[in-house]
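Colleague: Data file work.txt (compact mmCIF, C-alpha atoms (C1' of nucleotides)) is appended below.
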```txt
# COMPACT_ATOMS: atom_id res chain seq x y z
CA MET A 297 -9.46 -4.64 6.08
CA PHE A 298 -6.11 -5.54 7.66
CA SER A 299 -2.71 -5.21 6.04
CA LYS A 300 -1.14 -8.34 4.62
CA THR A 301 1.50 -8.07 7.33
CA CYS A 302 -1.26 -8.16 9.91
CA GLU A 303 -3.04 -11.09 8.29
CA TYR A 304 0.17 -13.10 8.30
CA ALA A 305 0.80 -12.08 11.90
CA ILE A 306 -2.59 -13.31 13.05
CA ARG A 307 -2.31 -16.56 11.15
CA ALA A 308 1.22 -17.15 12.44
CA MET A 309 0.25 -16.47 16.03
CA ILE A 310 -2.70 -18.84 15.87
CA PHE A 311 -0.44 -21.44 14.27
CA ILE A 312 2.19 -21.05 16.98
CA ALA A 313 -0.45 -21.20 19.69
CA GLN A 314 -1.63 -24.48 18.31
CA LYS A 315 1.66 -26.12 17.38
CA SER A 316 3.96 -25.27 20.23
CA ASP A 317 4.60 -25.01 23.91
CA GLU A 318 7.65 -24.20 26.00
CA GLU A 319 9.13 -27.62 25.25
CA ASN A 320 8.18 -27.94 21.60
CA LYS A 321 8.98 -24.77 19.74
CA VAL A 322 8.10 -24.22 16.15
CA GLY A 323 10.54 -22.92 13.52
CA ILE A 324 10.04 -20.23 10.90
CA LYS A 325 10.10 -22.70 8.04
CA GLU A 326 7.32 -24.74 9.53
CA ILE A 327 5.30 -21.63 10.28
CA ALA A 328 5.73 -20.23 6.78
CA GLN A 329 4.68 -23.53 5.34
CA GLY A 330 1.81 -23.93 7.76
CA ILE A 331 0.22 -20.57 7.04
CA ASP A 332 1.31 -20.22 3.42
CA SER A 333 3.42 -17.08 3.75
CA PRO A 334 6.87 -16.00 2.52
CA GLU A 335 9.42 -17.37 4.95
CA HIS A 336 11.60 -14.32 5.46
CA PHE A 337 8.67 -12.00 5.55
CA ILE A 338 6.97 -13.81 8.40
CA GLY A 339 10.38 -13.91 10.03
CA LYS A 340 10.48 -10.13 10.10
CA ILE A 341 6.96 -9.93 11.42
CA LEU A 342 7.66 -12.38 14.23
CA GLN A 343 10.85 -10.52 15.15
CA ASP A 344 8.70 -7.47 15.57
CA LEU A 345 6.06 -9.29 17.61
CA SER A 346 8.83 -10.81 19.68
CA ARG A 347 10.38 -7.44 20.50
CA LYS A 348 6.95 -6.33 21.61
CA GLY A 349 6.53 -9.33 23.89
CA MET A 350 3.71 -10.94 21.97
CA VAL A 351 5.64 -14.12 21.23
CA GLN A 352 8.66 -15.85 22.75
CA SER A 353 11.61 -17.22 20.80
CA THR A 354 14.98 -18.88 21.26
CA LYS A 355 17.84 -19.33 18.84
CA GLY A 356 19.89 -22.40 18.07
CA PRO A 357 19.07 -26.08 17.77
CA ASN A 358 15.59 -26.92 19.00
CA GLY A 359 14.96 -23.19 19.00
CA GLY A 360 11.95 -21.50 17.51
CA PHE A 361 8.83 -19.68 18.55
CA TYR A 362 6.33 -20.43 21.27
CA LEU A 363 3.81 -18.64 23.45
CA SER A 364 4.04 -18.16 27.18
CA GLY A 365 0.93 -18.36 29.32
CA ASP A 366 0.59 -14.60 29.12
CA ALA A 367 0.85 -14.61 25.37
CA LEU A 368 -1.86 -17.24 25.05
CA ASN A 369 -4.20 -14.84 26.76
CA ARG A 370 -3.73 -12.14 24.17
CA SER A 371 -6.48 -11.42 21.70
CA LEU A 372 -6.46 -10.92 17.96
CA ALA A 373 -7.21 -7.28 18.68
CA ASP A 374 -3.92 -7.03 20.57
CA ILE A 375 -2.02 -8.33 17.56
CA ILE A 376 -3.82 -5.98 15.22
CA LYS A 377 -3.09 -3.00 17.44
CA VAL A 378 0.60 -3.87 17.54
CA ILE A 379 0.89 -4.33 13.76
CA ASP A 380 -1.63 -1.98 12.15
CA GLY A 381 -2.27 0.37 15.04
CA ASP A 382 -5.72 1.13 16.33
CA LYS A 383 -7.02 3.37 13.60
CA ILE A 384 -9.20 0.50 12.43
CA PHE A 385 -10.94 0.66 15.81
CA HIS A 386 -10.93 4.38 16.38
CA GLY A 387 -10.17 6.18 13.12
CA CYS A 388 -12.76 7.87 10.94
CA GLY A 389 -14.29 5.65 8.26
CA LEU A 390 -13.65 8.35 5.69
CA GLY A 391 -10.11 9.10 6.85
CA LEU A 392 -10.88 12.47 8.39
CA LYS A 393 -8.48 13.31 11.20
CA GLN A 394 -10.83 15.78 12.81
CA CYS A 395 -13.88 13.57 12.69
CA SER A 396 -15.45 13.38 16.15
CA GLU A 397 -18.71 13.40 18.02
CA ALA A 398 -18.75 17.18 17.80
CA GLN A 399 -17.73 17.24 14.14
CA PRO A 400 -18.87 13.93 12.71
CA CYS A 401 -18.35 12.74 9.15
CA PRO A 402 -21.53 11.67 7.36
CA ILE A 403 -21.21 8.05 8.47
CA HIS A 404 -19.66 8.62 11.87
CA HIS A 405 -22.46 7.39 14.11
CA GLU A 406 -23.37 4.28 12.14
CA PHE A 407 -19.74 3.38 11.71
CA LYS A 408 -19.01 3.67 15.36
CA GLN A 409 -21.44 0.91 16.15
CA VAL A 410 -20.20 -1.55 13.56
CA ARG A 411 -16.62 -0.91 14.59
CA ALA A 412 -17.41 -1.41 18.24
CA GLN A 413 -18.86 -4.81 17.45
CA MET A 414 -15.85 -5.77 15.41
CA GLN A 415 -13.54 -4.70 18.18
CA ALA A 416 -15.54 -6.58 20.79
CA MET A 417 -15.35 -9.72 18.70
CA LEU A 418 -11.60 -9.38 18.15
CA GLU A 419 -10.96 -8.61 21.82
CA LYS A 420 -12.86 -11.72 22.79
CA ALA A 421 -10.87 -13.94 20.43
CA LYS A 422 -7.97 -15.10 22.60
CA LEU A 423 -5.10 -16.98 21.01
CA GLY A 424 -5.38 -19.82 23.48
CA ALA A 425 -8.95 -20.47 22.44
CA PHE A 426 -8.07 -21.41 18.87
CA THR A 427 -5.96 -24.42 19.66
CA GLU A 428 -8.82 -26.85 20.06
CA GLU A 429 -10.62 -26.05 16.83
CA LEU A 430 -7.48 -26.31 14.81
CA VAL A 431 -6.63 -29.68 16.21
CA GLN A 432 -10.11 -30.83 15.35
CA LYS A 433 -9.72 -29.42 11.84
CA VAL A 434 -12.84 -27.33 12.04
CA THR A 435 -10.92 -24.22 11.03
CA PHE A 436 -8.01 -23.62 8.65
CA LEU A 437 -5.01 -21.33 8.30
CA LYS A 438 -3.90 -22.13 4.78
CA ARG A 439 -5.23 -21.51 1.34
CA ASN A 440 -5.23 -25.18 0.47
CA MET B 190 -10.44 -0.02 6.34
CA PHE B 191 -10.79 1.55 2.90
CA SER B 192 -7.97 2.69 0.64
CA LYS B 193 -7.15 6.37 0.56
CA THR B 194 -8.42 6.44 -3.00
CA CYS B 195 -11.73 5.10 -1.78
CA GLU B 196 -11.98 7.55 1.09
CA TYR B 197 -11.39 10.44 -1.28
CA ALA B 198 -13.94 8.99 -3.68
CA ILE B 199 -16.64 8.78 -1.03
CA ARG B 200 -15.95 12.26 0.26
CA ALA B 201 -15.91 13.71 -3.26
CA MET B 202 -19.17 12.03 -4.19
CA ILE B 203 -20.92 13.29 -1.09
CA PHE B 204 -19.52 16.74 -1.78
CA ILE B 205 -20.73 16.70 -5.36
CA ALA B 206 -24.13 15.41 -4.31
CA GLN B 207 -24.47 18.33 -1.97
CA LYS B 208 -22.94 21.11 -4.06
CA SER B 209 -24.24 20.51 -7.53
CA ASP B 210 -27.09 19.71 -9.81
CA GLU B 211 -27.49 19.54 -13.58
CA GLU B 212 -27.36 23.33 -13.82
CA ASN B 213 -24.68 24.06 -11.26
CA LYS B 214 -21.73 21.79 -11.75
CA VAL B 215 -18.78 21.73 -9.45
CA GLY B 216 -15.15 21.84 -10.62
CA ILE B 217 -12.21 19.74 -9.54
CA LYS B 218 -10.50 22.60 -7.77
CA GLU B 219 -13.53 23.28 -5.64
CA ILE B 220 -13.93 19.60 -4.88
CA ALA B 221 -10.28 19.15 -3.93
CA GLN B 222 -10.52 22.15 -1.68
CA GLY B 223 -13.83 21.09 -0.24
CA ILE B 224 -12.73 17.62 0.79
CA ASP B 225 -9.07 18.38 1.43
CA SER B 226 -7.52 16.10 -1.18
CA PRO B 227 -4.80 16.48 -3.82
CA GLU B 228 -6.36 18.10 -6.85
CA HIS B 229 -4.97 15.89 -9.61
CA PHE B 230 -5.43 12.76 -7.58
CA ILE B 231 -9.13 13.31 -7.04
CA GLY B 232 -9.26 14.20 -10.73
CA LYS B 233 -8.07 10.72 -11.63
CA ILE B 234 -10.48 9.11 -9.23
CA LEU B 235 -13.43 11.05 -10.63
CA GLN B 236 -12.40 10.17 -14.19
CA ASP B 237 -12.62 6.58 -13.15
CA LEU B 238 -15.98 6.98 -11.43
CA SER B 239 -17.21 8.88 -14.46
CA ARG B 240 -16.22 6.09 -16.87
CA LYS B 241 -18.14 3.72 -14.66
CA GLY B 242 -21.23 5.90 -14.73
CA MET B 243 -21.18 6.84 -11.06
CA VAL B 244 -20.84 10.57 -11.73
CA GLN B 245 -21.55 12.85 -14.68
CA SER B 246 -19.19 15.47 -16.07
CA THR B 247 -18.85 18.01 -18.85
CA LYS B 248 -15.80 19.82 -20.11
CA GLY B 249 -15.34 23.47 -20.91
CA PRO B 250 -16.60 26.68 -19.32
CA ASN B 251 -19.25 26.06 -16.70
CA GLY B 252 -18.30 22.43 -16.91
CA GLY B 253 -17.61 20.19 -13.98
CA PHE B 254 -19.10 17.28 -12.11
CA TYR B 255 -22.66 16.60 -11.05
CA LEU B 256 -24.93 13.70 -10.24
CA SER B 257 -27.90 12.58 -12.25
CA GLY B 258 -31.01 11.30 -10.51
CA ASP B 259 -29.77 7.78 -10.91
CA ALA B 260 -26.41 8.60 -9.41
CA LEU B 261 -28.02 10.23 -6.38
CA ASN B 262 -29.61 6.89 -5.62
CA ARG B 263 -26.32 5.07 -5.40
CA SER B 264 -25.00 4.02 -2.04
CA LEU B 265 -21.59 4.32 -0.44
CA ALA B 266 -21.32 0.56 -0.86
CA ASP B 267 -21.61 1.04 -4.63
CA ILE B 268 -18.70 3.47 -4.62
CA ILE B 269 -16.61 1.19 -2.46
CA LYS B 270 -17.26 -1.78 -4.73
CA VAL B 271 -16.22 0.22 -7.78
CA ILE B 272 -12.99 1.50 -6.21
CA ASP B 273 -11.80 -1.16 -3.77
CA GLY B 274 -13.78 -4.12 -5.05
CA ASP B 275 -15.97 -6.21 -2.81
CA LYS B 276 -13.37 -8.17 -0.89
CA ILE B 277 -14.13 -5.99 2.11
CA PHE B 278 -17.65 -7.39 2.04
CA HIS B 279 -16.92 -10.95 1.03
CA GLY B 280 -13.21 -11.66 1.49
CA CYS B 281 -11.77 -13.63 4.39
CA GLY B 282 -10.75 -11.54 7.38
CA LEU B 283 -7.41 -13.32 7.46
CA GLY B 284 -6.82 -13.08 3.72
CA LEU B 285 -7.34 -16.75 2.99
CA LYS B 286 -8.57 -17.31 -0.54
CA GLN B 287 -10.07 -20.68 0.23
CA CYS B 288 -11.86 -19.61 3.39
CA SER B 289 -15.50 -20.66 3.18
CA GLU B 290 -18.36 -22.11 5.13
CA ALA B 291 -16.96 -25.57 4.52
CA GLN B 292 -13.36 -24.55 5.29
CA PRO B 293 -13.67 -21.58 7.63
CA CYS B 294 -10.77 -19.59 9.04
CA PRO B 295 -10.78 -19.27 12.83
CA ILE B 296 -12.79 -16.05 12.79
CA HIS B 297 -14.96 -16.77 9.78
CA HIS B 298 -18.37 -17.01 11.43
CA GLU B 299 -18.04 -14.03 13.75
CA PHE B 300 -16.55 -11.93 11.00
CA LYS B 301 -19.35 -12.70 8.62
CA GLN B 302 -21.86 -11.11 10.94
CA VAL B 303 -19.95 -7.91 11.56
CA ARG B 304 -19.27 -7.54 7.88
CA ALA B 305 -22.89 -8.09 6.96
CA GLN B 306 -23.88 -5.26 9.29
CA MET B 307 -21.28 -2.98 7.81
CA GLN B 308 -22.44 -3.78 4.32
CA ALA B 309 -26.09 -3.22 5.24
CA MET B 310 -25.22 0.15 6.68
CA LEU B 311 -23.22 1.18 3.61
CA GLU B 312 -25.90 -0.05 1.22
CA LYS B 313 -28.47 2.00 3.06
CA ALA B 314 -26.39 5.16 2.87
CA LYS B 315 -27.54 6.75 -0.40
CA LEU B 316 -25.68 9.74 -1.77
CA GLY B 317 -28.84 11.77 -2.08
CA ALA B 318 -29.51 11.43 1.62
CA PHE B 319 -26.42 13.31 2.67
CA THR B 320 -27.25 16.62 1.09
CA GLU B 321 -29.48 17.88 3.85
CA GLU B 322 -27.16 17.17 6.74
CA LEU B 323 -24.26 18.82 5.03
CA VAL B 324 -26.22 21.96 4.32
CA GLN B 325 -27.20 22.06 7.96
CA LYS B 326 -23.58 21.59 8.98
CA VAL B 327 -24.28 18.61 11.16
CA THR B 328 -21.66 16.57 9.32
CA PHE B 329 -18.29 17.44 7.77
CA LEU B 330 -16.09 16.39 4.88
CA LYS B 331 -12.89 18.21 5.67
CA ARG B 332 -10.19 17.90 8.24
CA ASN B 333 -10.64 21.48 9.37
C1' DA C 129 36.37 -25.84 21.36
C1' DT C 130 33.86 -26.79 17.08
C1' DA C 131 30.24 -27.48 13.98
C1' DA C 132 25.48 -27.24 13.24
C1' DT C 133 21.25 -24.95 13.92
C1' DA C 134 17.97 -21.29 14.01
C1' DA C 135 16.48 -16.66 14.94
C1' DA C 136 18.01 -11.59 14.50
C1' DA C 137 19.45 -8.08 11.78
C1' DG C 138 20.68 -5.54 7.76
C1' DA C 139 20.63 -4.54 2.95
C1' DC C 140 18.30 -4.67 -1.10
C1' DA C 141 14.43 -5.41 -4.68
C1' DA C 142 9.85 -5.45 -6.55
C1' DA C 143 5.22 -4.09 -6.57
C1' DA C 144 1.42 -1.30 -5.35
C1' DA C 145 -0.55 2.91 -3.71
C1' DT C 146 -0.40 7.69 -3.65
C1' DA C 147 0.73 12.05 -5.69
C1' DT C 148 2.28 15.50 -9.23
C1' DC C 149 3.09 17.57 -13.67
C1' DT C 150 2.24 18.15 -18.63
C1' DT C 151 -0.34 17.66 -22.80
C1' DT C 152 -4.65 16.83 -25.19
C1' DT C 153 -9.54 17.11 -26.09
C1' DA C 154 -14.13 18.96 -25.70
C1' DT C 155 -17.07 22.89 -24.84
C1' DT C 156 -18.48 27.55 -24.53
C1' DA C 157 -18.52 32.53 -24.77
C1' DG C 158 -17.30 36.35 -27.35
C1' DC D 89 -13.23 31.37 -35.73
C1' DT D 90 -10.61 32.26 -31.58
C1' DA D 91 -9.51 32.35 -26.90
C1' DA D 92 -10.58 30.70 -22.52
C1' DT D 93 -12.04 27.09 -19.65
C1' DA D 94 -12.16 22.64 -17.58
C1' DA D 95 -12.08 17.69 -17.69
C1' DA D 96 -9.46 13.62 -19.86
C1' DA D 97 -5.43 11.43 -20.60
C1' DG D 98 -0.63 10.39 -20.34
C1' DA D 99 3.81 10.43 -18.24
C1' DT D 100 6.52 10.51 -14.32
C1' DA D 101 7.76 10.71 -9.34
C1' DT D 102 7.42 9.47 -4.53
C1' DT D 103 6.16 6.65 -0.74
C1' DT D 104 4.61 2.59 1.39
C1' DT D 105 3.97 -2.17 1.43
C1' DT D 106 5.48 -6.51 0.46
C1' DG D 107 9.04 -9.70 -0.44
C1' DT D 108 13.98 -11.66 -0.91
C1' DC D 109 18.80 -12.42 0.02
C1' DT D 110 22.96 -12.24 2.91
C1' DT D 111 25.39 -11.79 7.15
C1' DT D 112 25.52 -11.91 12.14
C1' DT D 113 24.50 -13.58 16.73
C1' DA D 114 23.03 -16.87 20.11
C1' DT D 115 22.41 -21.63 21.44
C1' DT D 116 23.09 -26.50 21.51
C1' DA D 117 25.09 -30.97 20.80
C1' DT D 118 29.20 -33.39 19.96
```
Give the structure from this file in structure tokens form.
Modeller:
Amino acid sequence: MFSKTCEYAIRAMIFIAQKSDEENKVGIKEIAQGIDSPEHFIGKILQDLSRKGMVQSTKGPNGGFYLSGDALNRSLADIIKVIDGDKIFHGCGLGLKQCSEAQPCPIHHEFKQVRAQMQAMLEKAKLGAFTEELVQKVTFLKRN
Amino acid sequence: MFSKTCEYAIRAMIFIAQKSDEENKVGIKEIAQGIDSPEHFIGKILQDLSRKGMVQSTKGPNGGFYLSGDALNRSLADIIKVIDGDKIFHGCGLGLKQCSEAQPCPIHHEFKQVRAQMQAMLEKAKLGAFTEELVQKVTFLKRN
DNA sequence: ATAATAAAAGACAAAAATATCTTTTATTAG
DNA sequence: CTAATAAAAGATATTTTTGTCTTTTATTAT
């Protein structure tokens, strides 16, 4: 569905949203451990998200990652778009570049509906909203 | 969403369903041309589908690929399962192996619904059903 | 100022997915 | 039986994705 990079990105962002604020930043090691991902790999991904303004970071002692108010309002769909692009929301299910309303692939119309629902759900899922459930341990970000 | 391999597989199978029967088989070259895919690559994919009984083939002059009655009754979901496996239908949206009802990831419940709809739609889409629309040119399998 | 810390950046490596080319095997028509 | 045809199989190449390791830069505390 999503690339591994994107899965890590989503998990990391939810983790950061939950574990940090402007005063208490969270480091790469803790993130990698918390979401069960390779440390340097998630580092790269967060660099990328940082350049694109999705997450804030500072270097040095007590440095790390955190989310500004703005960032907490972003949705999972925003992260996905930044990492994997939006072909999952708009591309043809069969990979046809010219697939369109006028020239639909055999599953175009049905697909459109399912995709719209997925997008709606991912747009609605704001990062800030996950903090509570994680604290209460009703959802999980790790394999074990 | 699906791998390229899987997209080619679906397009090829729909193409074969439409273009062939037991008497009039369709060759790899024609398929590759018809769905705009690399010839040898779709060859490999069809070999695989053939081994798994999803498509019939014969060698030699007038040989090629065709679908038996059984095969015409298969759904796009069947093809996807054979090529990409069923993690798209059952796997966690965030790639967590241990994600479950008891230990759900943050988007588990919403995702489950969207995925179920997608699966239902793909299960309902039988290969045999596409032949008519393609003949009538209301759907397309090529980029241009 | 200096040392310690932590992210940023760059280089490199491994694995998987995608694609191509060549040889072999089965079938058919002549 | 032979030549032609077409898929099957095998080998290899390329590209993309995923992952690791090392060096650099920025920040902080002492």
Colleague: Within 7 Å of chain A, which residues of chain B are there when counting all atoms listed in the file? Please give them as a PyMOL selection string.
Modeller: chain B and resi 190+196+277+283-287+292-295+303+306-307+319+328-333
Colleague: With all atoms of stretch 280-295 of chain B from the file as input, state the centre and edge lengths in Å to one decimal of the axis-aligned box that has 4 Å extra on each side, as JSON.
Modeller:
```
{"center_x": -12.6, "center_y": -18.6, "center_z": 6.1, "size_x": 19.5, "size_y": 22.0, "size_z": 21.4}
```
Colleague: Neighbours of B:Asp210 within 9 Å (only C-alpha atoms (C1' of nucleotides); same-chain residues fewer than 5 positions away dropped), as an MDAnalysis selection string?
Modeller: chainID B and resid 205 215 254:257
Colleague: Measure the distance from atom CA of B:Ser226 to atom CA of B:Gln245 in Å and round it to one decimal.
Modeller: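 Computing the Euclidean distance for atom CA of B:Ser226 and atom CA of B:Gln245 yields 19.7 Å.
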Colleague: For a test of reading the model, state the distance in Å between atom C1' of C:DC140 and atom C1' of D:DT112, rounded to one decimal.
Modeller: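 Separating atom C1' of C:DC140 from atom C1' of D:DT112 is a distance of 16.7 Å.
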Colleague: Give me, as a list in words, the contact residues of chain B against chain C at a cut-off of 12 Å, counting all atoms listed in the file.
Modeller: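 Here is what falls inside 12 Å: Ser192, Lys193, Thr194, Cys195, Tyr197, Ser226, Pro227, Glu228, His229, Phe230, Ile231, Gly232, Lys233, Ile234, Ser246, Thr247, Lys248, Gly249, Pro250, Asn251, Gly252, Gly253 and Asp273 of chain B.
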Colleague: Pull out every residue of chain D sitting within 7 Å of chain B, counting all atoms listed in the file, and send them as a PyMOL selection string.
Modeller: chain D and resi 93-95
Colleague: Residues near A:Asn369, anyone? I mean within 7 Å using only C-alpha atoms (C1' of nucleotides), not counting same-chain ones fewer than 2 positions away, as a list in words.
Modeller: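 Skipping anything fewer than 2 positions along the chain leaves Gly365, Asp366, Ala367, Ser371, Lys422, Leu423 and Gly424 of chain A.
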Colleague: By how many Å are atom C1' of D:DT106 and atom CA of A:Ala328 apart?
Modeller: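 Result for atom C1' of D:DT106 versus atom CA of A:Ala328: 15.1 Å, one decimal.
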